[in-house]
file coords_10.cif (mmCIF, C-alpha atoms)
data_upload
#
loop_
_atom_site.label_atom_id
_atom_site.label_comp_id
_atom_site.auth_asym_id
_atom_site.auth_seq_id
_atom_site.Cartn_x
_atom_site.Cartn_y
_atom_site.Cartn_z
CA MET A 1 -15.16 -54.73 -25.03
CA GLU A 2 -16.63 -55.11 -28.54
CA ASN A 3 -20.08 -55.69 -27.05
CA SER A 4 -19.88 -52.56 -24.91
CA ASN A 5 -18.77 -50.52 -27.91
CA LYS A 6 -21.69 -51.83 -29.95
CA GLN A 7 -24.06 -50.91 -27.13
CA MET A 8 -22.60 -47.41 -26.90
CA GLN A 9 -23.11 -46.93 -30.63
CA SER A 10 -26.74 -48.04 -30.33
CA PHE A 11 -28.01 -44.93 -28.53
CA SER A 12 -30.21 -43.84 -31.39
CA ILE A 13 -32.60 -40.94 -31.02
CA THR A 14 -35.50 -41.74 -28.65
CA LYS A 15 -39.19 -40.84 -28.84
CA LEU A 16 -38.61 -38.10 -26.32
CA GLU A 17 -35.71 -36.67 -28.32
CA LYS A 18 -37.82 -36.75 -31.49
CA ALA A 19 -40.37 -34.60 -29.69
CA LEU A 20 -37.62 -32.30 -28.39
CA LYS A 21 -36.28 -32.02 -31.95
CA TYR A 22 -39.72 -31.07 -33.28
CA TYR A 23 -40.19 -28.31 -30.68
CA TYR A 24 -36.56 -27.15 -31.06
CA ASN A 25 -37.12 -26.62 -34.79
CA LEU A 26 -40.61 -25.17 -34.24
CA LYS A 27 -39.29 -22.52 -31.86
CA LYS A 28 -36.67 -21.44 -34.41
CA LEU A 29 -34.04 -20.37 -31.93
CA LYS A 30 -31.27 -18.23 -33.37
CA PRO A 31 -27.95 -20.03 -34.12
CA GLY A 32 -25.73 -19.76 -31.07
CA GLN A 33 -28.54 -18.43 -28.89
CA ILE A 34 -28.08 -19.15 -25.18
CA LEU A 35 -31.08 -18.89 -22.87
CA THR A 36 -31.11 -17.61 -19.31
CA PRO A 37 -32.50 -19.98 -16.63
CA GLU A 38 -35.76 -17.99 -16.71
CA GLU A 39 -35.96 -18.30 -20.50
CA MET A 40 -35.21 -22.01 -20.29
CA SER A 41 -38.06 -22.47 -17.78
CA ARG A 42 -40.43 -20.59 -20.08
CA TYR A 43 -39.25 -22.74 -22.99
CA MET A 44 -40.08 -25.88 -20.99
CA TYR A 45 -43.53 -24.48 -20.07
CA TRP A 46 -44.13 -23.70 -23.75
CA MET A 47 -43.20 -27.26 -24.78
CA MET A 48 -45.51 -28.74 -22.16
CA GLU A 49 -48.39 -26.55 -23.29
CA GLN A 50 -47.80 -27.48 -26.93
CA HIS A 51 -47.68 -31.15 -26.05
CA GLU A 52 -50.85 -30.99 -23.94
CA LYS A 53 -52.72 -29.31 -26.80
CA ASN A 54 -51.47 -31.62 -29.53
CA PRO A 55 -49.41 -34.61 -28.35
CA LEU A 56 -47.40 -35.65 -31.38
CA LEU A 57 -45.71 -38.66 -29.85
CA GLU A 58 -46.28 -40.92 -26.90
CA ILE A 59 -43.59 -40.09 -24.36
CA SER A 60 -42.91 -42.52 -21.55
CA PHE A 61 -40.68 -42.26 -18.51
CA SER A 62 -38.43 -44.98 -19.96
CA ASP A 63 -37.68 -42.79 -22.97
CA ILE A 64 -35.62 -40.41 -20.87
CA PRO A 65 -32.04 -41.73 -20.95
CA SER A 66 -30.34 -39.28 -18.62
CA LEU A 67 -32.49 -39.44 -15.50
CA LEU A 68 -30.52 -39.67 -12.30
CA ASN A 69 -31.42 -42.46 -9.90
CA ASN A 70 -33.19 -41.30 -6.72
CA ALA A 71 -32.66 -37.59 -7.46
CA GLU A 72 -35.32 -34.88 -7.34
CA ILE A 73 -35.11 -34.52 -11.11
CA VAL A 74 -36.61 -38.02 -11.42
CA SER A 75 -39.85 -37.18 -9.64
CA ILE A 76 -40.19 -33.92 -11.59
CA SER A 77 -39.68 -35.77 -14.88
CA LYS A 78 -42.24 -38.42 -13.94
CA GLU A 79 -44.80 -35.70 -13.30
CA LEU A 80 -43.98 -33.98 -16.60
CA THR A 81 -44.12 -37.14 -18.71
CA GLY A 82 -47.31 -38.15 -16.89
CA LYS A 83 -48.88 -34.80 -17.81
CA LYS A 84 -49.41 -33.87 -14.15
CA VAL A 85 -48.25 -30.33 -14.67
CA ASP A 86 -49.52 -28.24 -11.79
CA SER A 87 -48.13 -25.02 -10.29
CA ASP A 88 -45.96 -26.92 -7.82
CA THR A 89 -44.33 -28.92 -10.62
CA ARG A 90 -43.72 -25.74 -12.58
CA ASN A 91 -42.08 -24.07 -9.57
CA ARG A 92 -39.85 -27.08 -8.96
CA LEU A 93 -38.88 -27.14 -12.62
CA PHE A 94 -37.96 -23.47 -12.49
CA SER A 95 -35.79 -24.02 -9.40
CA LEU A 96 -34.05 -26.89 -11.22
CA PHE A 97 -32.79 -24.44 -13.85
CA LYS A 98 -32.39 -21.43 -11.56
CA ALA A 99 -30.53 -23.10 -8.67
CA PRO A 100 -29.32 -26.59 -9.65
CA GLY A 101 -27.87 -27.58 -6.26
CA GLU A 102 -26.40 -30.98 -5.45
CA SER A 103 -29.63 -32.13 -3.77
CA LYS A 104 -31.39 -31.95 -7.14
CA PHE A 105 -29.02 -34.50 -8.71
CA PHE A 106 -27.67 -36.72 -5.91
CA ASP A 107 -29.44 -39.00 -3.49
CA TYR A 108 -28.02 -38.79 0.03
CA GLN A 109 -25.90 -41.95 -0.38
CA GLN A 110 -24.62 -41.15 -3.87
CA ASP A 111 -21.17 -39.72 -4.55
CA ILE A 112 -21.30 -39.84 -8.36
CA THR A 113 -24.20 -39.66 -10.77
CA ALA A 114 -24.15 -40.47 -14.48
CA GLY A 115 -26.36 -40.08 -17.52
CA ARG A 116 -26.63 -39.41 -21.22
CA PHE A 117 -26.99 -35.83 -22.42
CA LEU A 118 -30.40 -35.24 -24.05
CA ARG A 119 -30.29 -34.16 -27.68
CA TYR A 120 -32.16 -31.05 -28.84
CA LEU A 121 -32.38 -29.20 -25.56
CA PRO A 122 -31.55 -25.49 -26.00
CA ALA A 123 -28.32 -24.17 -24.54
CA TYR A 124 -28.85 -22.21 -21.31
CA TRP A 125 -26.50 -20.61 -18.82
CA ASN A 126 -25.98 -22.54 -15.58
CA ALA A 127 -23.36 -23.19 -12.92
CA ASP A 128 -23.26 -26.39 -10.85
CA GLU A 129 -22.18 -27.03 -7.26
CA HIS A 130 -20.39 -30.24 -8.26
CA PHE A 131 -17.59 -31.34 -10.59
CA LEU A 132 -18.79 -32.28 -14.05
CA ILE A 133 -17.24 -34.59 -16.67
CA TYR A 134 -18.41 -34.79 -20.28
CA TYR A 135 -17.30 -37.59 -22.59
CA VAL A 136 -18.27 -37.51 -26.27
CA PHE A 137 -18.69 -40.99 -27.75
CA THR A 138 -19.95 -39.92 -31.19
CA GLY A 139 -20.45 -36.68 -33.11
CA GLU A 140 -19.58 -33.20 -31.82
CA MET A 141 -20.94 -31.24 -28.87
CA LEU A 142 -20.75 -27.50 -28.21
CA VAL A 143 -19.87 -26.23 -24.74
CA MET A 144 -19.99 -22.45 -24.30
CA PHE A 145 -18.21 -20.48 -21.61
CA GLU A 146 -18.42 -16.74 -21.13
CA GLN A 147 -15.20 -16.08 -23.06
CA GLU A 148 -14.92 -19.01 -25.45
CA THR A 149 -16.74 -21.92 -27.11
CA LEU A 150 -15.42 -25.48 -27.29
CA SER A 151 -16.40 -27.96 -29.98
CA LEU A 152 -15.91 -31.35 -28.37
CA LYS A 153 -15.25 -34.18 -30.80
CA ALA A 154 -15.48 -37.91 -30.21
CA GLY A 155 -12.90 -38.94 -27.60
CA SER A 156 -12.92 -35.59 -25.75
CA VAL A 157 -12.93 -35.66 -21.94
CA LEU A 158 -13.94 -32.33 -20.40
CA PHE A 159 -13.68 -31.54 -16.66
CA ILE A 160 -15.61 -28.50 -15.39
CA PRO A 161 -15.20 -27.44 -11.74
CA PRO A 162 -18.02 -26.15 -9.52
CA GLY A 163 -19.19 -22.57 -9.97
CA ILE A 164 -18.25 -22.21 -13.65
CA LYS A 165 -20.90 -20.58 -15.85
CA LYS A 166 -21.46 -22.64 -19.00
CA ALA A 167 -24.02 -23.69 -21.60
CA CYS A 168 -24.20 -26.93 -23.61
CA THR A 169 -26.25 -28.26 -26.49
CA CYS A 170 -26.41 -31.35 -28.73
CA PRO A 171 -28.71 -30.36 -31.66
CA SER A 172 -27.91 -33.39 -33.81
CA ASP A 173 -29.11 -36.99 -34.12
CA ASP A 174 -25.59 -38.42 -34.19
CA VAL A 175 -24.23 -36.89 -30.96
CA THR A 176 -23.81 -39.28 -28.02
CA THR A 177 -22.44 -37.58 -24.91
CA PHE A 178 -22.33 -38.97 -21.38
CA PHE A 179 -21.97 -36.85 -18.26
CA PHE A 180 -20.68 -37.74 -14.81
CA MET A 181 -21.27 -35.55 -11.75
CA ILE A 182 -18.99 -35.79 -8.70
CA ARG A 183 -19.67 -34.16 -5.34
CA GLN A 184 -16.97 -31.74 -4.17
CA SER A 185 -16.72 -33.56 -0.86
CA THR A 186 -16.42 -36.91 -2.63
CA PHE A 187 -13.56 -35.78 -4.79
CA SER A 188 -11.48 -34.56 -1.86
CA LYS A 189 -12.36 -37.66 0.18
CA VAL A 190 -12.18 -40.47 -2.40
CA PHE A 191 -10.03 -39.36 -5.33
CA TRP A 192 -7.50 -36.86 -4.02
CA SER A 193 -5.17 -39.46 -2.52
CA HIS A 194 -4.89 -41.22 -5.89
CA LEU A 195 -3.44 -38.22 -7.69
CA SER A 196 0.20 -37.19 -7.61
CA ALA A 197 0.75 -33.72 -6.20
CA GLN A 198 2.84 -32.76 -9.23
CA ASN A 199 0.55 -33.03 -12.25
CA LEU A 200 -1.88 -30.79 -14.07
CA MET A 201 -5.04 -32.56 -12.93
CA SER A 202 -4.01 -32.23 -9.29
CA PHE A 203 -3.39 -28.50 -9.68
CA PHE A 204 -6.70 -28.07 -11.50
CA PHE A 205 -8.72 -29.79 -8.76
CA ARG A 206 -6.77 -28.14 -5.96
CA ARG A 207 -7.61 -24.70 -7.34
CA ALA A 208 -11.24 -25.67 -7.84
CA LEU A 209 -11.60 -27.08 -4.32
CA SER A 210 -10.02 -23.96 -2.84
CA GLY A 211 -12.57 -21.76 -4.62
CA GLU A 212 -10.17 -20.44 -7.29
CA HIS A 213 -12.43 -20.44 -10.35
CA SER A 214 -9.94 -18.86 -12.75
CA THR A 215 -9.58 -22.21 -14.52
CA SER A 216 -12.87 -22.91 -16.28
CA TYR A 217 -12.09 -26.32 -17.73
CA LEU A 218 -9.56 -29.12 -18.24
CA LEU A 219 -9.77 -30.85 -21.63
CA PHE A 220 -8.16 -34.12 -22.77
CA ASP A 221 -8.11 -35.69 -26.23
CA THR A 222 -8.09 -39.48 -25.87
CA GLY A 223 -8.55 -40.34 -29.53
CA CYS A 224 -11.54 -42.57 -28.68
CA ASP A 225 -9.42 -44.90 -26.54
CA ALA A 226 -11.46 -48.14 -26.47
CA SER A 227 -10.35 -49.04 -22.92
CA LEU A 228 -11.36 -45.65 -21.50
CA GLU A 229 -14.67 -45.73 -23.36
CA ALA A 230 -15.45 -49.19 -22.00
CA LEU A 231 -14.54 -48.06 -18.47
CA LEU A 232 -16.79 -44.98 -18.64
CA TYR A 233 -19.62 -47.04 -20.08
CA THR A 234 -19.23 -49.56 -17.25
CA ILE A 235 -19.47 -46.69 -14.73
CA TYR A 236 -22.67 -45.52 -16.44
CA LYS A 237 -24.20 -49.02 -16.44
CA GLU A 238 -23.27 -49.69 -12.80
CA TYR A 239 -24.75 -46.36 -11.75
CA MET A 240 -27.99 -47.15 -13.58
CA ARG A 241 -28.16 -50.59 -11.91
CA ASN A 242 -28.31 -48.82 -8.53
CA GLU A 243 -27.82 -51.99 -6.52
CA VAL A 244 -26.02 -52.84 -3.29
CA TYR A 245 -22.37 -51.68 -3.48
CA SER A 246 -23.02 -49.75 -6.72
CA THR A 247 -21.82 -46.51 -5.11
CA GLN A 248 -18.52 -48.08 -4.01
CA ILE A 249 -18.01 -49.76 -7.39
CA VAL A 250 -18.67 -46.51 -9.26
CA ASN A 251 -16.24 -44.60 -7.01
CA SER A 252 -13.53 -47.22 -7.52
CA LEU A 253 -14.01 -47.30 -11.30
CA MET A 254 -13.89 -43.51 -11.52
CA SER A 255 -10.60 -43.46 -9.57
CA THR A 256 -9.24 -45.99 -12.05
CA PHE A 257 -10.43 -43.84 -14.94
CA PHE A 258 -8.58 -40.79 -13.55
CA LEU A 259 -5.35 -42.76 -13.26
CA PHE A 260 -5.57 -44.27 -16.76
CA LEU A 261 -6.39 -40.83 -18.19
CA LEU A 262 -3.30 -39.32 -16.56
CA GLN A 263 -1.11 -42.25 -17.53
CA GLY A 264 -2.00 -42.11 -21.20
CA TYR A 265 -3.13 -38.57 -21.97
CA GLU A 266 -1.69 -36.08 -19.49
CA ASN A 267 0.28 -34.43 -22.28
CA THR A 268 -2.89 -33.76 -24.31
CA ALA A 269 -4.40 -31.62 -21.54
CA ARG A 270 -5.62 -28.13 -22.35
CA ILE A 271 -6.76 -25.31 -20.08
CA SER A 272 -8.75 -22.25 -21.08
CA ARG A 273 -6.57 -19.55 -22.60
CA HIS A 274 -8.71 -16.98 -20.74
CA THR A 275 -7.25 -17.77 -17.33
CA SER A 276 -4.50 -16.62 -15.03
CA PHE A 277 -3.36 -20.25 -14.77
CA HIS A 278 -1.05 -20.88 -17.72
CA TRP A 279 0.09 -24.39 -18.58
CA ASP A 280 2.64 -25.69 -21.03
CA ASN A 281 3.14 -29.43 -21.56
CA GLU A 282 6.82 -29.00 -20.65
CA PHE A 283 5.73 -27.94 -17.16
CA ALA A 284 4.67 -31.54 -16.49
CA ASN A 285 8.21 -32.67 -17.34
CA ILE A 286 9.67 -30.03 -15.01
CA LEU A 287 7.47 -31.11 -12.12
CA ARG A 288 8.10 -34.81 -12.73
CA PHE A 289 11.85 -34.16 -12.71
CA LEU A 290 11.49 -32.24 -9.47
CA GLU A 291 9.43 -35.05 -7.97
CA SER A 292 12.06 -37.64 -9.01
CA HIS A 293 15.11 -35.70 -7.76
CA PHE A 294 13.74 -33.59 -4.91
CA GLU A 295 16.06 -34.99 -2.23
CA THR A 296 19.15 -33.00 -3.23
CA LEU A 297 18.03 -30.98 -6.28
CA THR A 298 18.66 -27.22 -6.23
CA VAL A 299 16.56 -24.65 -8.05
CA GLU A 300 19.63 -23.69 -10.11
CA GLU A 301 20.10 -27.31 -11.23
CA LEU A 302 16.42 -27.56 -12.18
CA ALA A 303 16.64 -24.37 -14.25
CA ALA A 304 19.74 -25.59 -16.06
CA GLN A 305 18.17 -28.97 -16.79
CA PHE A 306 15.38 -27.33 -18.82
CA GLY A 307 17.24 -24.32 -20.21
CA TYR A 308 15.61 -21.62 -18.08
CA SER A 309 17.11 -18.94 -15.89
CA THR A 310 16.70 -19.36 -12.14
CA ARG A 311 14.22 -16.48 -12.09
CA GLN A 312 12.15 -18.06 -14.88
CA ILE A 313 11.96 -21.48 -13.23
CA ILE A 314 10.95 -19.90 -9.91
CA ARG A 315 8.16 -17.99 -11.69
CA ILE A 316 6.96 -21.09 -13.57
CA ILE A 317 6.78 -23.21 -10.42
CA HIS A 318 4.91 -20.57 -8.46
CA SER A 319 2.44 -19.76 -11.26
CA VAL A 320 1.57 -23.44 -11.73
CA THR A 321 1.55 -24.69 -8.14
CA GLY A 322 1.05 -21.57 -6.06
CA GLN A 323 4.05 -22.71 -4.03
CA SER A 324 7.75 -21.93 -4.02
CA PHE A 325 10.46 -24.44 -4.98
CA SER A 326 11.48 -24.79 -1.34
CA GLN A 327 7.89 -25.41 -0.20
CA ILE A 328 7.41 -28.19 -2.74
CA GLN A 329 10.77 -29.72 -1.88
CA THR A 330 9.93 -29.65 1.83
CA ASP A 331 6.54 -31.26 1.20
CA LEU A 332 8.10 -34.06 -0.82
CA ARG A 333 10.88 -34.64 1.71
CA MET A 334 8.46 -34.79 4.64
CA GLN A 335 6.04 -37.08 2.80
CA LYS A 336 8.87 -39.49 2.05
CA ALA A 337 10.14 -39.32 5.64
CA ALA A 338 6.66 -40.08 6.97
CA ARG A 339 6.32 -43.07 4.63
CA MET A 340 9.70 -44.43 5.70
CA LEU A 341 8.87 -43.99 9.39
CA THR A 342 5.63 -45.94 9.10
CA SER A 343 6.39 -48.56 6.47
CA GLN A 344 9.85 -49.94 7.21
CA MET A 345 12.36 -50.54 10.00
CA THR A 346 15.27 -48.19 9.39
CA SER A 347 17.41 -45.79 11.37
CA MET A 348 16.79 -42.06 11.69
CA GLU A 349 20.21 -41.48 10.15
CA ASN A 350 19.18 -43.42 7.06
CA ILE A 351 15.85 -41.55 6.75
CA SER A 352 17.68 -38.25 7.11
CA ALA A 353 20.13 -39.14 4.36
CA GLU A 354 17.46 -40.63 2.06
CA THR A 355 15.39 -37.43 2.24
CA GLY A 356 18.33 -35.15 1.40
CA PHE A 357 19.30 -33.61 4.74
CA ALA A 358 22.94 -32.80 5.45
CA ASN A 359 22.76 -34.06 9.02
CA LEU A 360 20.39 -35.55 11.58
CA SER A 361 19.81 -32.32 13.50
CA SER A 362 18.63 -30.52 10.33
CA PHE A 363 16.22 -33.38 9.63
CA TYR A 364 14.84 -33.27 13.19
CA ARG A 365 14.28 -29.49 13.05
CA ALA A 366 12.53 -29.64 9.67
CA PHE A 367 10.35 -32.61 10.65
CA LYS A 368 9.18 -31.06 13.93
CA LYS A 369 8.41 -27.75 12.21
CA TYR A 370 6.38 -29.53 9.53
CA PHE A 371 4.48 -32.11 11.64
CA ASN A 372 4.63 -30.37 15.04
CA CYS A 373 6.16 -33.49 16.60
CA THR A 374 9.43 -35.39 16.49
CA PRO A 375 9.98 -38.29 14.05
CA ARG A 376 9.91 -40.77 16.95
CA GLU A 377 6.63 -39.33 18.28
CA TYR A 378 5.15 -39.54 14.78
CA ALA A 379 6.14 -43.20 14.43
CA ASP A 380 4.87 -44.09 17.93
CA LEU A 381 1.50 -42.43 17.23
CA HIS A 382 1.15 -44.32 13.96
CA ASN A 383 1.99 -47.65 15.63
CA SER A 384 -0.48 -47.06 18.47
CA LEU A 385 -3.25 -46.35 15.98
CA ILE A 386 -2.45 -49.56 14.10
CA GLU A 387 -2.57 -51.58 17.33
CA LYS A 388 -6.03 -50.18 18.22
CA GLN A 389 -7.51 -51.28 14.89
#
call {"tool": "encode", "arguments": {"input": "coords_10.cif", "output": "structure tokens"}}
result
Amino acid sequence: MENSNKQMQSFSITKLEKALKYYYNLKKLKPGQILTPEEMSRYMYWMMEQHEKNPLLEISFSDIPSLLNNAEIVSISKELTGKKVDSDTRNRLFSLFKAPGESKFFDYQQDITAGRFLRYLPAYWNADEHFLIYYVFTGEMLVMFEQETLSLKAGSVLFIPPGIKKACTCPSDDVTTFFFMIRQSTFSKVFWSHLSAQNLMSFFFRRALSGEHSTSYLLFDTGCDASLEALLYTIYKEYMRNEVYSTQIVNSLMSTFFLFLLQGYENTARISRHTSFHWDNEFANILRFLESHFETLTVEELAAQFGYSTRQIIRIIHSVTGQSFSQIQTDLRMQKAARMLTSQMTSMENISAETGFANLSSFYRAFKKYFNCTPREYADLHNSLIEKQ
């Protein structure tokens, strides 16, 4: 772990970033100025023209630390650094800023991409089609949203869902920020099953996947946790290796990162104050208590446990989850019943009692309504599928 930390600290400013710094200072952008995609494209054209007229530094393809393996951005960058700047390259560059779709950043077989954020690029407004994670290893990074600005310090983990308008900049030599991009389809396919239904991260991603963009970010303070840093750096290195099984390894490591982040830092989570989705750290305790006692817990008992009125606890649960107390309780009961039916030999009477039903007939009615089949039919279907494998 010490070696990986030393390597992470060694990302000193590159030749390319020295050139970007020169042009950044030469342009004299106003403090806090955020460019439009069109302005950013013109800024890039201006830099290329300046460099072609008077190349200050030799810039090679290897100087660019954040290039994404096999993505369209790679071929564009090769052309730019090779000084092959024709009209087609300029048009492709403009589209990269104007419409940064997933195809620009992911190869067809990639689920996650990773890179280091370039220093001294101007901030410009953009919205991605994928999930984005920033992790600040050193220094501070500014991330601007339409209604607020975040100053991310070392140890900050920032999740941004698809479709959120933002702007970022690292105008300092000592800032080291890594980014990780995750396809929407990959998250729902690979990571969703690893998250409990009753925690803040699950609610955040569920709203993002359903198209509810009222929550613009999810921010954790990890205090520069050495284990998490080493894990993220390993993801970055494995992605850059781009060898056989690298995609599967990166996916697995990112799932592990999510779980460790929740285990250690769920209570540090922050959501934008400019959102209809309000979160208080006590809400996590309420939902965990509900998840641990759902079999026979009543909404009145839950309210009393945390000192709320019944009306208040109903409002809290619905505002956070979008579901009623009874809907969540039913989900948890049915999920437990399904697990018991498929993982152990036990009687229906025992399953009914273990999931909180007063009698077997109530259990049968609820199960058939939820799964559209009887418990026995559900178990038989599961067993037949296992036998065919």
call {"tool": "residues_around", "arguments": {"input": "coords_10.cif", "residues": "Thr374 of chain A", "least_positions_apart": "6", "cutoff": "8 Å", "atoms": "all atoms listed in the file", "output": "ChimeraX atom specification"}}
result
/A:364,367-368
call {"tool": "closest_residue", "arguments": {"input": "coords_10.cif", "among": "A:Leu150, A:Ile313, A:Val157, A:Leu26", "to": "Tyr120 of chain A", "atoms": "all atoms listed in the file"}}
result
A:Leu26
call {"tool": "resolve_selection", "arguments": {"input": "coords_10.cif", "expression": "the PyMOL selection byres ((chain A and resi 316) around 12)", "output": "ChimeraX atom specification"}}
result
/A:277-280,282-284,286-287,299,302-303,306,308-315,317-325
call {"tool": "atom_distance", "arguments": {"input": "coords_10.cif", "atom1": "atom CA of Val244 of chain A", "atom2": "atom CA of Phe105 of chain A"}}
result
19.4 Å
call {"tool": "closest_atom_pairs", "arguments": {"input": "coords_10.cif", "of": "segment 262-312 of chain A", "to": "segment 158-171 of chain A", "cutoff": "10 Å", "atoms": "only C-alpha atoms", "output": "Markdown table"}}
result
| residue | atom | partner | partner_atom | distance |
| --- | --- | --- | --- | --- |
| A:Ala269 | CA | A:Leu158 | CA | 9.6 |
| A:Arg270 | CA | A:Leu158 | CA | 9.5 |
| A:Ile271 | CA | A:Phe159 | CA | 9.9 |
call {"tool": "write_last_selection", "arguments": {"input": "coords_10.cif", "atoms": "C-alpha atoms", "output": "compact mmCIF listing (two decimals), keeping the file's coordinate frame"}}
result
# COMPACT_ATOMS: atom_id res chain seq x y z
CA ALA A 269 -4.40 -31.62 -21.54
CA ARG A 270 -5.62 -28.13 -22.35
CA ILE A 271 -6.76 -25.31 -20.08
call {"tool": "axis_aligned_box", "arguments": {"input": "coords_10.cif", "around": "segment 241-248 of chain A", "padding_each_side": "6 Å", "output": "JSON"}}
result
{"center_x": -23.4, "center_y": -49.7, "center_z": -7.6, "size_x": 21.8, "size_y": 18.3, "size_z": 20.6}
call {"tool": "atom_distance", "arguments": {"input": "coords_10.cif", "atom1": "atom CA of Thr14 of chain A", "atom2": "atom CA of Tyr233 of chain A"}}
result
18.8 Å
call {"tool": "closest_residue", "arguments": {"input": "coords_10.cif", "among": "A:Asp111, A:Glu354, A:Phe137, A:Glu52", "to": "Val250 of chain A", "atoms": "all atoms listed in the file"}}
result
A:Asp111
call {"tool": "atom_distance", "arguments": {"input": "coords_10.cif", "atom1": "atom CA of Gln329 of chain A", "atom2": "atom CA of Thr256 of chain A"}}
result
27.7 Å
call {"tool": "closest_atom_pairs", "arguments": {"input": "coords_10.cif", "of": "segment 139-158 of chain A", "to": "segment 30-40 of chain A", "cutoff": "12 Å", "atoms": "only C-alpha atoms", "output": "CSV"}}
result
residue,atom,partner,partner_atom,distance
A:Leu142,CA,A:Gly32,CA,9.6
A:Val143,CA,A:Gly32,CA,10.8
A:Met144,CA,A:Ile34,CA,8.8
A:Phe145,CA,A:Ile34,CA,10.6
A:Glu146,CA,A:Ile34,CA,10.7
A:Thr149,CA,A:Gly32,CA,10.1
call {"tool": "closest_residue", "arguments": {"input": "coords_10.cif", "among": "A:Lys27, A:Lys18, A:Lys104, A:His293", "to": "Arg333 of chain A", "atoms": "all atoms listed in the file"}}
result
A:His293
call {"tool": "residues_around", "arguments": {"input": "coords_10.cif", "residues": "Phe371 of chain A", "least_positions_apart": "5", "cutoff": "12 Å", "atoms": "all atoms listed in the file", "output": "list of chain:residue names"}}
result
A:Thr330, A:Asp331, A:Met334, A:Gln335, A:Ala337, A:Ala338, A:Phe363, A:Tyr364, A:Arg365, A:Ala366, A:Arg376, A:Glu377, A:Tyr378, A:Ala379
call {"tool": "residues_around", "arguments": {"input": "coords_10.cif", "residues": "Asp173 of chain A", "least_positions_apart": "6", "cutoff": "10 Å", "atoms": "all atoms listed in the file", "output": "ChimeraX atom specification"}}
result
/A:11-14,17-18,21,119-120,139
call {"tool": "write_last_selection", "arguments": {"input": "coords_10.cif", "atoms": "C-alpha atoms", "output": "PDB file, keeping the file's coordinate frame"}}
result
ATOM      1  CA  PHE A  11     -28.010 -44.930 -28.530  1.00  0.00           C
ATOM      2  CA  SER A  12     -30.210 -43.840 -31.390  1.00  0.00           C
ATOM      3  CA  ILE A  13     -32.600 -40.940 -31.020  1.00  0.00           C
ATOM      4  CA  THR A  14     -35.500 -41.740 -28.650  1.00  0.00           C
ATOM      5  CA  GLU A  17     -35.710 -36.670 -28.320  1.00  0.00           C
ATOM      6  CA  LYS A  18     -37.820 -36.750 -31.490  1.00  0.00           C
ATOM      7  CA  LYS A  21     -36.280 -32.020 -31.950  1.00  0.00           C
ATOM      8  CA  ARG A 119     -30.290 -34.160 -27.680  1.00  0.00           C
ATOM      9  CA  TYR A 120     -32.160 -31.050 -28.840  1.00  0.00           C
ATOM     10  CA  GLY A 139     -20.450 -36.680 -33.110  1.00  0.00           C
TER      11      GLY A 139
END
call {"tool": "closest_residue", "arguments": {"input": "coords_10.cif", "among": "A:Lys53, A:Arg288, A:Lys153, A:Lys237", "to": "Arg116 of chain A", "atoms": "only C-alpha atoms"}}
result
A:Lys237
call {"tool": "resolve_selection", "arguments": {"input": "coords_10.cif", "expression": "the PyMOL selection byres ((chain A and resi 224) around 12)", "output": "JSON, numbers by chain"}}
result
{"A": [5, 135, 136, 137, 138, 139, 153, 154, 155, 156, 157, 220, 221, 222, 223, 225, 226, 227, 228, 229, 230, 231, 232, 261, 265]}
call {"tool": "closest_residue", "arguments": {"input": "coords_10.cif", "among": "A:Glu243, A:Glu266, A:Glu301, A:Glu238", "to": "Gly115 of chain A", "atoms": "all atoms listed in the file"}}
result
A:Glu238
call {"tool": "resolve_selection", "arguments": {"input": "coords_10.cif", "expression": "the PyMOL selection byres ((chain A and resi 43) around 12)", "output": "PyMOL selection string"}}
result
chain A and resi 20+23-24+26-29+34-42+44-50+90+93-94+97+121-124
call {"tool": "write_last_selection", "arguments": {"input": "coords_10.cif", "atoms": "C-alpha atoms", "output": "mmCIF file, in the frame of the given file"}}
result
data_model
loop_
_atom_site.group_PDB
_atom_site.id
_atom_site.type_symbol
_atom_site.label_atom_id
_atom_site.label_comp_id
_atom_site.auth_asym_id
_atom_site.auth_seq_id
_atom_site.Cartn_x
_atom_site.Cartn_y
_atom_site.Cartn_z
ATOM 1 C CA LEU A 20 -37.620 -32.300 -28.390
ATOM 2 C CA TYR A 23 -40.190 -28.310 -30.680
ATOM 3 C CA TYR A 24 -36.560 -27.150 -31.060
ATOM 4 C CA LEU A 26 -40.610 -25.170 -34.240
ATOM 5 C CA LYS A 27 -39.290 -22.520 -31.860
ATOM 6 C CA LYS A 28 -36.670 -21.440 -34.410
ATOM 7 C CA LEU A 29 -34.040 -20.370 -31.930
ATOM 8 C CA ILE A 34 -28.080 -19.150 -25.180
ATOM 9 C CA LEU A 35 -31.080 -18.890 -22.870
ATOM 10 C CA THR A 36 -31.110 -17.610 -19.310
ATOM 11 C CA PRO A 37 -32.500 -19.980 -16.630
ATOM 12 C CA GLU A 38 -35.760 -17.990 -16.710
ATOM 13 C CA GLU A 39 -35.960 -18.300 -20.500
ATOM 14 C CA MET A 40 -35.210 -22.010 -20.290
ATOM 15 C CA SER A 41 -38.060 -22.470 -17.780
ATOM 16 C CA ARG A 42 -40.430 -20.590 -20.080
ATOM 17 C CA MET A 44 -40.080 -25.880 -20.990
ATOM 18 C CA TYR A 45 -43.530 -24.480 -20.070
ATOM 19 C CA TRP A 46 -44.130 -23.700 -23.750
ATOM 20 C CA MET A 47 -43.200 -27.260 -24.780
ATOM 21 C CA MET A 48 -45.510 -28.740 -22.160
ATOM 22 C CA GLU A 49 -48.390 -26.550 -23.290
ATOM 23 C CA GLN A 50 -47.800 -27.480 -26.930
ATOM 24 C CA ARG A 90 -43.720 -25.740 -12.580
ATOM 25 C CA LEU A 93 -38.880 -27.140 -12.620
ATOM 26 C CA PHE A 94 -37.960 -23.470 -12.490
ATOM 27 C CA PHE A 97 -32.790 -24.440 -13.850
ATOM 28 C CA LEU A 121 -32.380 -29.200 -25.560
ATOM 29 C CA PRO A 122 -31.550 -25.490 -26.000
ATOM 30 C CA ALA A 123 -28.320 -24.170 -24.540
ATOM 31 C CA TYR A 124 -28.850 -22.210 -21.310
#
